[in-house]
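The next block is structure-v2.pdb, given as PDB, C-alpha atoms, pLDDT in the B column.
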```pdb
MODEL        1
ATOM      1  CA  MET A   1     -22.649   6.519  -4.245  1.00 55.00           C
ATOM      2  CA  SER A   2     -21.921   9.924  -2.710  1.00 77.00           C
ATOM      3  CA  GLU A   3     -22.261  12.822  -5.126  1.00 84.00           C
ATOM      4  CA  HIS A   4     -18.631  13.881  -4.703  1.00 91.00           C
ATOM      5  CA  LEU A   5     -17.230  10.387  -5.393  1.00 94.00           C
ATOM      6  CA  SER A   6     -16.927   8.824  -8.828  1.00 94.00           C
ATOM      7  CA  LEU A   7     -15.320   5.679 -10.186  1.00 95.00           C
ATOM      8  CA  VAL A   8     -12.563   6.213 -12.773  1.00 96.00           C
ATOM      9  CA  THR A   9     -10.260   3.911 -14.730  1.00 97.00           C
ATOM     10  CA  THR A  10      -6.510   4.445 -14.300  1.00 97.00           C
ATOM     11  CA  GLY A  11      -3.664   3.908 -16.758  1.00 96.00           C
ATOM     12  CA  ASP A  12      -3.170   0.200 -16.044  1.00 96.00           C
ATOM     13  CA  GLY A  13      -6.877  -0.580 -16.416  1.00 97.00           C
ATOM     14  CA  SER A  14      -7.589  -0.812 -12.694  1.00 97.00           C
ATOM     15  CA  ALA A  15     -10.190   1.417 -11.062  1.00 97.00           C
ATOM     16  CA  THR A  16      -9.880   4.096  -8.450  1.00 97.00           C
ATOM     17  CA  ILE A  17     -12.182   6.717  -6.972  1.00 96.00           C
ATOM     18  CA  PHE A  18     -12.054  10.439  -7.618  1.00 95.00           C
ATOM     19  CA  ASN A  19     -12.986  12.618  -4.657  1.00 94.00           C
ATOM     20  CA  ALA A  20     -14.277  15.923  -6.004  1.00 93.00           C
ATOM     21  CA  ARG A  21     -14.229  17.579  -2.560  1.00 90.00           C
ATOM     22  CA  VAL A  22     -10.512  16.902  -2.194  1.00 90.00           C
ATOM     23  CA  GLY A  23      -9.787  17.222  -5.897  1.00 90.00           C
ATOM     24  CA  GLU A  24      -7.755  14.033  -6.163  1.00 93.00           C
ATOM     25  CA  ASN A  25      -7.938  10.335  -6.947  1.00 93.00           C
ATOM     26  CA  TYR A  26      -7.477   7.756  -4.212  1.00 94.00           C
ATOM     27  CA  HIS A  27      -4.675   6.178  -6.275  1.00 95.00           C
ATOM     28  CA  SER A  28      -2.308   7.199  -9.047  1.00 94.00           C
ATOM     29  CA  ARG A  29      -4.008   7.985 -12.346  1.00 93.00           C
ATOM     30  CA  HIS A  30      -1.104   6.153 -13.996  1.00 95.00           C
ATOM     31  CA  GLY A  31      -2.276   2.888 -12.414  1.00 96.00           C
ATOM     32  CA  ALA A  32      -3.949   2.155  -9.099  1.00 97.00           C
ATOM     33  CA  LEU A  33      -2.939  -1.494  -8.995  1.00 98.00           C
ATOM     34  CA  GLN A  34       0.666  -1.027 -10.045  1.00 97.00           C
ATOM     35  CA  GLU A  35       1.153   1.857  -7.592  1.00 97.00           C
ATOM     36  CA  SER A  36      -0.259  -0.149  -4.691  1.00 98.00           C
ATOM     37  CA  ARG A  37       1.844  -3.183  -5.539  1.00 98.00           C
ATOM     38  CA  HIS A  38       5.044  -1.206  -6.076  1.00 97.00           C
ATOM     39  CA  VAL A  39       4.916   1.321  -3.250  1.00 98.00           C
ATOM     40  CA  PHE A  40       3.226  -0.550  -0.440  1.00 98.00           C
ATOM     41  CA  LEU A  41       3.409  -4.293  -1.076  1.00 98.00           C
ATOM     42  CA  HIS A  42       6.854  -4.610  -2.686  1.00 97.00           C
ATOM     43  CA  SER A  43       8.707  -1.573  -1.278  1.00 97.00           C
ATOM     44  CA  GLY A  44       7.019  -1.755   2.134  1.00 98.00           C
ATOM     45  CA  LEU A  45       5.783  -5.141   3.324  1.00 98.00           C
ATOM     46  CA  GLU A  46       8.027  -7.387   1.249  1.00 98.00           C
ATOM     47  CA  PHE A  47      11.041  -5.165   1.941  1.00 97.00           C
ATOM     48  CA  PHE A  48      10.465  -5.494   5.687  1.00 98.00           C
ATOM     49  CA  LEU A  49       9.919  -9.253   5.541  1.00 97.00           C
ATOM     50  CA  ALA A  50      13.087  -9.743   3.491  1.00 96.00           C
ATOM     51  CA  GLY A  51      15.101  -8.240   6.337  1.00 95.00           C
ATOM     52  CA  HIS A  52      12.981  -9.688   9.145  1.00 93.00           C
ATOM     53  CA  PRO A  53      11.777 -13.175   8.169  1.00 91.00           C
ATOM     54  CA  SER A  54       8.907 -13.932  10.509  1.00 92.00           C
ATOM     55  CA  PRO A  55       5.652 -15.889  10.672  1.00 96.00           C
ATOM     56  CA  ALA A  56       3.851 -12.685  11.680  1.00 98.00           C
ATOM     57  CA  VAL A  57       3.858  -9.010  10.692  1.00 98.00           C
ATOM     58  CA  SER A  58       1.839  -5.935  11.635  1.00 98.00           C
ATOM     59  CA  VAL A  59       0.914  -3.052   9.338  1.00 98.00           C
ATOM     60  CA  LEU A  60      -0.553   0.384  10.073  1.00 98.00           C
ATOM     61  CA  GLU A  61      -2.019   2.275   7.132  1.00 98.00           C
ATOM     62  CA  VAL A  62      -2.844   5.961   6.996  1.00 98.00           C
ATOM     63  CA  GLY A  63      -5.708   6.198   4.520  1.00 96.00           C
ATOM     64  CA  LEU A  64      -7.413   2.809   4.162  1.00 97.00           C
ATOM     65  CA  GLY A  65      -9.581   4.245   1.372  1.00 96.00           C
ATOM     66  CA  THR A  66     -10.715   1.590  -1.085  1.00 97.00           C
ATOM     67  CA  GLY A  67      -8.864  -1.146   0.808  1.00 98.00           C
ATOM     68  CA  LEU A  68      -6.579  -1.982  -2.136  1.00 98.00           C
ATOM     69  CA  ASN A  69      -3.354  -1.854  -0.114  1.00 98.00           C
ATOM     70  CA  PHE A  70      -4.895  -4.120   2.509  1.00 98.00           C
ATOM     71  CA  LEU A  71      -6.275  -6.560  -0.039  1.00 98.00           C
ATOM     72  CA  LEU A  72      -2.915  -7.017  -1.769  1.00 98.00           C
ATOM     73  CA  SER A  73      -1.112  -7.349   1.571  1.00 98.00           C
ATOM     74  CA  ALA A  74      -3.623  -9.864   2.896  1.00 98.00           C
ATOM     75  CA  ASP A  75      -3.492 -11.885  -0.305  1.00 98.00           C
ATOM     76  CA  HIS A  76       0.306 -12.007  -0.126  1.00 98.00           C
ATOM     77  CA  CYS A  77       0.294 -13.065   3.521  1.00 98.00           C
ATOM     78  CA  GLU A  78      -2.372 -15.695   2.922  1.00 97.00           C
ATOM     79  CA  SER A  79      -0.270 -17.228   0.142  1.00 97.00           C
ATOM     80  CA  ALA A  80       2.895 -17.117   2.267  1.00 97.00           C
ATOM     81  CA  ARG A  81       1.056 -18.285   5.415  1.00 97.00           C
ATOM     82  CA  ILE A  82       2.196 -15.228   7.342  1.00 98.00           C
ATOM     83  CA  ARG A  83      -0.033 -13.851  10.110  1.00 98.00           C
ATOM     84  CA  LEU A  84      -0.979 -10.274   9.277  1.00 98.00           C
ATOM     85  CA  ASP A  85      -2.334  -7.864  11.886  1.00 98.00           C
ATOM     86  CA  TYR A  86      -3.508  -4.841   9.889  1.00 98.00           C
ATOM     87  CA  THR A  87      -4.918  -1.543  11.151  1.00 98.00           C
ATOM     88  CA  GLY A  88      -6.188   1.023   8.670  1.00 98.00           C
ATOM     89  CA  ILE A  89      -6.915   4.594   9.706  1.00 98.00           C
ATOM     90  CA  GLU A  90      -9.816   6.115   7.773  1.00 97.00           C
ATOM     91  CA  ALA A  91     -11.599   9.292   8.825  1.00 95.00           C
ATOM     92  CA  PHE A  92     -14.127   9.076   5.968  1.00 93.00           C
ATOM     93  CA  PRO A  93     -14.896   5.402   5.261  1.00 95.00           C
ATOM     94  CA  LEU A  94     -16.372   4.475   1.914  1.00 95.00           C
ATOM     95  CA  ASP A  95     -19.564   2.452   1.865  1.00 92.00           C
ATOM     96  CA  ARG A  96     -19.361  -1.223   1.013  1.00 92.00           C
ATOM     97  CA  GLU A  97     -21.112  -0.831  -2.343  1.00 93.00           C
ATOM     98  CA  MET A  98     -18.557   1.772  -3.437  1.00 94.00           C
ATOM     99  CA  ILE A  99     -15.763  -0.645  -2.585  1.00 95.00           C
ATOM    100  CA  ARG A 100     -17.471  -3.484  -4.454  1.00 95.00           C
ATOM    101  CA  GLN A 101     -17.658  -1.321  -7.582  1.00 95.00           C
ATOM    102  CA  THR A 102     -13.861  -1.050  -7.748  1.00 97.00           C
ATOM    103  CA  GLY A 103     -13.664  -4.602  -9.087  1.00 97.00           C
ATOM    104  CA  TYR A 104     -10.627  -5.422  -6.995  1.00 98.00           C
ATOM    105  CA  GLN A 105     -11.803  -9.009  -6.549  1.00 98.00           C
ATOM    106  CA  GLN A 106      -9.944  -9.836  -9.769  1.00 97.00           C
ATOM    107  CA  TYR A 107      -6.584  -9.134  -8.115  1.00 98.00           C
ATOM    108  CA  VAL A 108      -6.891 -11.254  -4.961  1.00 98.00           C
ATOM    109  CA  SER A 109      -8.276 -14.599  -3.889  1.00 98.00           C
ATOM    110  CA  GLU A 110     -12.012 -15.065  -3.598  1.00 98.00           C
ATOM    111  CA  THR A 111     -11.691 -15.727   0.127  1.00 98.00           C
ATOM    112  CA  VAL A 112      -9.748 -12.526   0.822  1.00 98.00           C
ATOM    113  CA  TRP A 113     -12.216 -10.431  -1.201  1.00 98.00           C
ATOM    114  CA  ASN A 114     -15.358 -11.986   0.264  1.00 98.00           C
ATOM    115  CA  ASP A 115     -14.118 -11.809   3.863  1.00 98.00           C
ATOM    116  CA  PHE A 116     -13.026  -8.198   3.427  1.00 98.00           C
ATOM    117  CA  THR A 117     -16.248  -6.950   1.866  1.00 97.00           C
ATOM    118  CA  ALA A 118     -18.445  -8.929   4.252  1.00 97.00           C
ATOM    119  CA  GLY A 119     -16.606  -7.718   7.345  1.00 97.00           C
ATOM    120  CA  TYR A 120     -15.645  -4.195   6.264  1.00 96.00           C
ATOM    121  CA  GLU A 121     -18.206  -2.308   8.355  1.00 95.00           C
ATOM    122  CA  ARG A 122     -17.723  -4.620  11.360  1.00 97.00           C
ATOM    123  CA  SER A 123     -13.969  -3.949  11.252  1.00 98.00           C
ATOM    124  CA  MET A 124     -14.736  -0.438  12.547  1.00 97.00           C
ATOM    125  CA  THR A 125     -15.832  -1.914  15.885  1.00 96.00           C
ATOM    126  CA  GLU A 126     -13.749  -5.101  16.199  1.00 97.00           C
ATOM    127  CA  PRO A 127     -10.964  -6.994  14.427  1.00 97.00           C
ATOM    128  CA  VAL A 128     -12.297  -8.977  11.453  1.00 98.00           C
ATOM    129  CA  ARG A 129     -10.755 -12.211  10.236  1.00 98.00           C
ATOM    130  CA  VAL A 130      -9.817 -12.207   6.546  1.00 98.00           C
ATOM    131  CA  GLY A 131      -8.797 -15.633   5.327  1.00 97.00           C
ATOM    132  CA  GLU A 132      -6.948 -17.917   7.722  1.00 97.00           C
ATOM    133  CA  HIS A 133      -4.031 -15.652   8.570  1.00 97.00           C
ATOM    134  CA  CYS A 134      -5.129 -12.012   8.450  1.00 98.00           C
ATOM    135  CA  ALA A 135      -7.038  -9.675  10.736  1.00 98.00           C
ATOM    136  CA  LEU A 136      -8.262  -6.182   9.847  1.00 98.00           C
ATOM    137  CA  THR A 137      -9.151  -3.354  12.200  1.00 98.00           C
ATOM    138  CA  THR A 138     -10.421  -0.088  10.733  1.00 98.00           C
ATOM    139  CA  ALA A 139      -9.827   2.928  12.963  1.00 98.00           C
ATOM    140  CA  HIS A 140     -12.625   5.353  12.065  1.00 97.00           C
ATOM    141  CA  THR A 141     -10.741   8.431  13.215  1.00 97.00           C
ATOM    142  CA  THR A 142      -8.365  11.144  12.070  1.00 97.00           C
ATOM    143  CA  LEU A 143      -4.617  10.640  12.060  1.00 97.00           C
ATOM    144  CA  MET A 144      -4.048  12.970  15.033  1.00 97.00           C
ATOM    145  CA  ASP A 145      -6.818  11.313  17.071  1.00 98.00           C
ATOM    146  CA  PHE A 146      -5.538   7.778  16.445  1.00 98.00           C
ATOM    147  CA  ARG A 147      -4.520   5.907  19.596  1.00 97.00           C
ATOM    148  CA  SER A 148      -3.263   2.361  20.035  1.00 97.00           C
ATOM    149  CA  ASP A 149      -1.278   0.253  22.475  1.00 97.00           C
ATOM    150  CA  LYS A 150       0.147  -1.663  19.517  1.00 97.00           C
ATOM    151  CA  ARG A 151       3.464  -1.047  17.817  1.00 98.00           C
ATOM    152  CA  PHE A 152       3.732  -1.876  14.136  1.00 98.00           C
ATOM    153  CA  ASP A 153       6.376  -3.250  11.787  1.00 98.00           C
ATOM    154  CA  VAL A 154       5.358  -1.346   8.650  1.00 98.00           C
ATOM    155  CA  LEU A 155       3.590   1.975   8.151  1.00 98.00           C
ATOM    156  CA  TYR A 156       1.856   2.622   4.823  1.00 98.00           C
ATOM    157  CA  PHE A 157       1.480   6.391   4.538  1.00 98.00           C
ATOM    158  CA  ASP A 158      -1.146   6.775   1.815  1.00 97.00           C
ATOM    159  CA  ALA A 159      -2.705  10.142   2.612  1.00 95.00           C
ATOM    160  CA  PHE A 160      -3.834  12.474  -0.129  1.00 92.00           C
ATOM    161  CA  ALA A 161      -1.024  14.618  -1.528  1.00 90.00           C
ATOM    162  CA  ALA A 162       0.280  17.545   0.510  1.00 90.00           C
ATOM    163  CA  ILE A 163      -1.157  20.051  -1.975  1.00 91.00           C
ATOM    164  CA  HIS A 164      -4.637  18.812  -0.993  1.00 92.00           C
ATOM    165  CA  GLN A 165      -4.090  17.759   2.644  1.00 92.00           C
ATOM    166  CA  PRO A 166      -1.031  19.664   3.919  1.00 94.00           C
ATOM    167  CA  GLU A 167      -1.907  18.990   7.557  1.00 95.00           C
ATOM    168  CA  MET A 168      -1.284  15.254   7.066  1.00 96.00           C
ATOM    169  CA  TRP A 169       2.340  15.891   6.113  1.00 97.00           C
ATOM    170  CA  GLU A 170       3.245  18.362   8.852  1.00 96.00           C
ATOM    171  CA  PRO A 171       6.085  17.369  11.224  1.00 96.00           C
ATOM    172  CA  GLU A 172       3.611  17.108  14.112  1.00 97.00           C
ATOM    173  CA  ALA A 173       1.446  14.625  12.221  1.00 98.00           C
ATOM    174  CA  LEU A 174       4.463  12.567  11.155  1.00 98.00           C
ATOM    175  CA  GLN A 175       5.817  12.556  14.711  1.00 98.00           C
ATOM    176  CA  HIS A 176       2.483  11.367  16.071  1.00 98.00           C
ATOM    177  CA  ILE A 177       1.955   8.528  13.629  1.00 98.00           C
ATOM    178  CA  THR A 178       5.539   7.261  13.429  1.00 98.00           C
ATOM    179  CA  ALA A 179       5.547   6.831  17.214  1.00 97.00           C
ATOM    180  CA  PHE A 180       3.530   3.658  16.561  1.00 98.00           C
ATOM    181  CA  LEU A 181       6.400   2.078  14.605  1.00 98.00           C
ATOM    182  CA  ARG A 182       8.771  -0.311  16.317  1.00 97.00           C
ATOM    183  CA  PRO A 183      12.534   0.287  16.086  1.00 96.00           C
ATOM    184  CA  GLY A 184      13.541  -1.194  12.755  1.00 96.00           C
ATOM    185  CA  GLY A 185      10.073  -0.538  11.405  1.00 98.00           C
ATOM    186  CA  VAL A 186       9.571   0.676   7.842  1.00 98.00           C
ATOM    187  CA  PHE A 187       7.721   3.833   6.790  1.00 98.00           C
ATOM    188  CA  VAL A 188       6.803   3.943   3.116  1.00 98.00           C
ATOM    189  CA  THR A 189       4.953   6.433   0.947  1.00 98.00           C
ATOM    190  CA  TYR A 190       4.480   7.266  -2.721  1.00 97.00           C
ATOM    191  CA  ALA A 191       5.750  10.839  -2.238  1.00 94.00           C
ATOM    192  CA  ILE A 192       9.179  12.352  -1.734  1.00 93.00           C
ATOM    193  CA  THR A 193       9.967  15.994  -0.952  1.00 93.00           C
ATOM    194  CA  GLY A 194      12.770  17.832   0.761  1.00 94.00           C
ATOM    195  CA  ASN A 195      10.509  18.725   3.676  1.00 94.00           C
ATOM    196  CA  LEU A 196       9.439  15.102   4.111  1.00 96.00           C
ATOM    197  CA  LYS A 197      13.018  13.820   4.051  1.00 96.00           C
ATOM    198  CA  ARG A 198      14.125  16.397   6.620  1.00 96.00           C
ATOM    199  CA  ALA A 199      11.170  15.649   8.890  1.00 96.00           C
ATOM    200  CA  MET A 200      11.789  11.897   8.817  1.00 97.00           C
ATOM    201  CA  LYS A 201      15.509  12.308   9.507  1.00 97.00           C
ATOM    202  CA  ALA A 202      14.704  14.576  12.467  1.00 96.00           C
ATOM    203  CA  LEU A 203      12.446  11.820  13.834  1.00 96.00           C
ATOM    204  CA  GLY A 204      15.291   9.310  13.874  1.00 95.00           C
ATOM    205  CA  PHE A 205      14.758   7.568  10.554  1.00 97.00           C
ATOM    206  CA  THR A 206      17.269   6.495   7.957  1.00 97.00           C
ATOM    207  CA  VAL A 207      15.797   7.825   4.715  1.00 97.00           C
ATOM    208  CA  GLU A 208      16.129   6.206   1.307  1.00 95.00           C
ATOM    209  CA  LYS A 209      15.082   7.450  -2.118  1.00 94.00           C
ATOM    210  CA  ALA A 210      13.610   4.369  -3.778  1.00 93.00           C
ATOM    211  CA  PRO A 211      12.411   4.012  -7.380  1.00 92.00           C
ATOM    212  CA  GLY A 212       8.866   5.280  -7.728  1.00 93.00           C
ATOM    213  CA  ALA A 213       5.816   3.692  -9.280  1.00 91.00           C
ATOM    214  CA  PRO A 214       5.029   4.524 -12.923  1.00 88.00           C
ATOM    215  CA  GLY A 215       4.464   8.260 -13.205  1.00 87.00           C
ATOM    216  CA  LYS A 216       6.867   9.068 -10.355  1.00 89.00           C
ATOM    217  CA  ARG A 217      10.649   8.868 -10.561  1.00 91.00           C
ATOM    218  CA  GLU A 218      11.204   8.376  -6.844  1.00 95.00           C
ATOM    219  CA  MET A 219       9.412   7.568  -3.588  1.00 97.00           C
ATOM    220  CA  LEU A 220      10.424   7.617   0.051  1.00 97.00           C
ATOM    221  CA  ARG A 221      11.190   4.689   2.299  1.00 98.00           C
ATOM    222  CA  ALA A 222      12.505   5.235   5.817  1.00 98.00           C
ATOM    223  CA  VAL A 223      13.614   2.849   8.570  1.00 98.00           C
ATOM    224  CA  ARG A 224      13.257   3.787  12.203  1.00 96.00           C
ATOM    225  CA  THR A 225      16.643   3.705  13.896  1.00 91.00           C
ATOM    226  CA  ALA A 226      15.785   5.585  17.088  1.00 70.00           C
TER
ENDMDL
END
```
Go ahead and express the file in the form of C-alpha cells.
Amino acid sequence: MSEHLSLVTTGDGSATIFNARVGENYHSRHGALQESRHVFLHSGLEFFLAGHPSPAVSVLEVGLGTGLNFLLSADHCESARIRLDYTGIEAFPLDREMIRQTGYQQYVSETVWNDFTAGYERSMTEPVRVGEHCALTTAHTTLMDFRSDKRFDVLYFDAFAAIHQPEMWEPEALQHITAFLRPGGVFVTYAITGNLKRAMKALGFTVEKAPGAPGKREMLRAVRTA
C-alpha cells in the first residue's frame, strides 16, 4: 500500500480509501456504498435506463478509483442481462491489492468481483470482459487528455471535490468531458454548486437538483439537450 493511502471505514460500514496527498476520501465518509448506489447507480444508470429501455448501455466515469461505481453498475447489468460498455478514466490507478482490501466482493456477485480484480490491470491496455454482459476499459490518463471515438449514454462525474481538485470542475474541463455524451445522455455527480449548475446549463444541459446521498441534501443530475 502506498504511504499516502489508507483504508478507512465509512458510516454505513463499507470501506473507502483516504488519500493524504489530496486530503480526501475516495467516497463519502457517511457511507461509501450508499453514496455509490444512490448517486451513480440509482440516480444515473437506472434513471437513464428507465427513460431509454435498451439491451445495451454505455457509461463513462471520471475517477474510477476503487472501482465501486463500476462494480455496482456491472452487477446490476449482469442481473438485468443488459450489455454494459464501461470506460473509467483514472490518472492514478490503485494497485490490485489495494482494491482487494476494500472488501467490495460482499456487495456484488462472485463472478463480477473475480473478473474485475483479475482483469483490472489488463483493462488499461484493452477492454476486459466482466461477467457475460459487461466490458471495462480503464483510460490511464487525465480528464483533459482523454480521447475516444465513442459517445456515451451516462457520465459518472466522481472527481475529488472542487476544494481539493478545482481544475476538474472548471468550465473547460466540463466542456471537454461532456462532449463524449450523446444527446439525451445523463451527467450525474454527488456535488451541486451554483457554478456547476451555470456551467452545465451553458453547455446545453437541462439541470435538475436531485435528492442527495446521506450527508448531502442535494446532488446534480443533468440531461444533454443540445
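If you count all atoms listed in the file and ignore residues fewer than 2 places along the chain from segment 196-212 of chain A, what sits within 9 Å of it is Glu35, His38, Val39, Ser43, Trp169, Glu170, Pro171, Leu174, Gln175, Thr178, Phe187, Tyr190, Ala191, Ile192, Thr193, Gly194, Pro214, Gly215, Lys216, Arg217, Glu218, Met219, Leu220, Arg221, Ala222, Val223, Arg224, Thr225 and Ala226 of chain A.
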List every protein, DNA or RNA residue that has an atom no more than 12 Å from (-9.0, 17.6, -5.5) in the file's coordinate frame, counting all atoms listed in the file, and report them as a short mmCIF file (atom, residue, chain, number, x, y, z; two decimals) with C-alpha atoms, in the coordinates of the input.
```cif
data_model
loop_
_atom_site.label_atom_id
_atom_site.label_comp_id
_atom_site.auth_asym_id
_atom_site.auth_seq_id
_atom_site.Cartn_x
_atom_site.Cartn_y
_atom_site.Cartn_z
CA HIS A 4 -18.63 13.88 -4.70
CA LEU A 5 -17.23 10.39 -5.39
CA ILE A 17 -12.18 6.72 -6.97
CA PHE A 18 -12.05 10.44 -7.62
CA ASN A 19 -12.99 12.62 -4.66
CA ALA A 20 -14.28 15.92 -6.00
CA ARG A 21 -14.23 17.58 -2.56
CA VAL A 22 -10.51 16.90 -2.19
CA GLY A 23 -9.79 17.22 -5.90
CA GLU A 24 -7.76 14.03 -6.16
CA ASN A 25 -7.94 10.34 -6.95
CA TYR A 26 -7.48 7.76 -4.21
CA PHE A 160 -3.83 12.47 -0.13
CA ALA A 161 -1.02 14.62 -1.53
CA ALA A 162 0.28 17.55 0.51
CA ILE A 163 -1.16 20.05 -1.98
CA HIS A 164 -4.64 18.81 -0.99
CA GLN A 165 -4.09 17.76 2.64
#
```
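Residue neighbourhood of Ser14 of chain A, excluding near-sequence residues (fewer than 5 positions): Leu7, Val8, Thr9, His27, Ser28, Arg29, His30, Gly31, Ala32, Leu33, Gln34, Glu35, Ser36, Leu68, Gln101, Thr102, Gly103, Tyr104, Gln105, Gln106 and Tyr107 of chain A, at 12 Å, using only C-alpha atoms.
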Selection file, C-alpha atoms, as a tab-separated table (two decimals), in the coordinates of the input:
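Generated file (result_22.tsv):
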```
chain	number	residue	atom	x	y	z
A	7	LEU	CA	-15.32	5.68	-10.19
A	8	VAL	CA	-12.56	6.21	-12.77
A	9	THR	CA	-10.26	3.91	-14.73
A	27	HIS	CA	-4.68	6.18	-6.28
A	28	SER	CA	-2.31	7.20	-9.05
A	29	ARG	CA	-4.01	7.98	-12.35
A	30	HIS	CA	-1.10	6.15	-14.00
A	31	GLY	CA	-2.28	2.89	-12.41
A	32	ALA	CA	-3.95	2.15	-9.10
A	33	LEU	CA	-2.94	-1.49	-8.99
A	34	GLN	CA	0.67	-1.03	-10.04
A	35	GLU	CA	1.15	1.86	-7.59
A	36	SER	CA	-0.26	-0.15	-4.69
A	68	LEU	CA	-6.58	-1.98	-2.14
A	101	GLN	CA	-17.66	-1.32	-7.58
A	102	THR	CA	-13.86	-1.05	-7.75
A	103	GLY	CA	-13.66	-4.60	-9.09
A	104	TYR	CA	-10.63	-5.42	-7.00
A	105	GLN	CA	-11.80	-9.01	-6.55
A	106	GLN	CA	-9.94	-9.84	-9.77
A	107	TYR	CA	-6.58	-9.13	-8.12
```
Requested in this report: To one decimal in Å, tell me the separation between atom CA of Phe116 of chain A and atom CA of Thr10 of chain A.
Outcome: 22.7 Å
Requested in this report: Could you tell me which residues the PyMOL selection byres ((chain A and resi 150) around 12) returns for this structure, as a ChimeraX atom specification?
Outcome: /A:58-60,85-87,137,146-149,151-153,177,179-182
Query - Option closest in space to Asp115 of chain A, from A:Ala139, A:Asp75, A:His176, A:Ile89 [counting only C-alpha atoms] - result: A:Asp75
**Report entry** Result set of the PyMOL selection byres ((chain A and resi 118) around 12) on the coordinates above, as a list in words
**Finding:** Asp95, Arg96, Glu97, Ile99, Arg100, Glu110, Thr111, Val112, Trp113, Asn114, Asp115, Phe116, Thr117, Gly119, Tyr120, Glu121, Arg122, Ser123, Val128, Arg129, Val130, Gly131 and Leu136 of chain A
**Report entry** Result set of the PyMOL selection byres ((chain A and resi 92) around 12) on the coordinates above, as JSON, numbers by chain
**Finding:** {"A": [2, 5, 19, 22, 62, 63, 64, 65, 66, 88, 89, 90, 91, 93, 94, 95, 124, 138, 139, 140, 141, 142, 143, 159]}
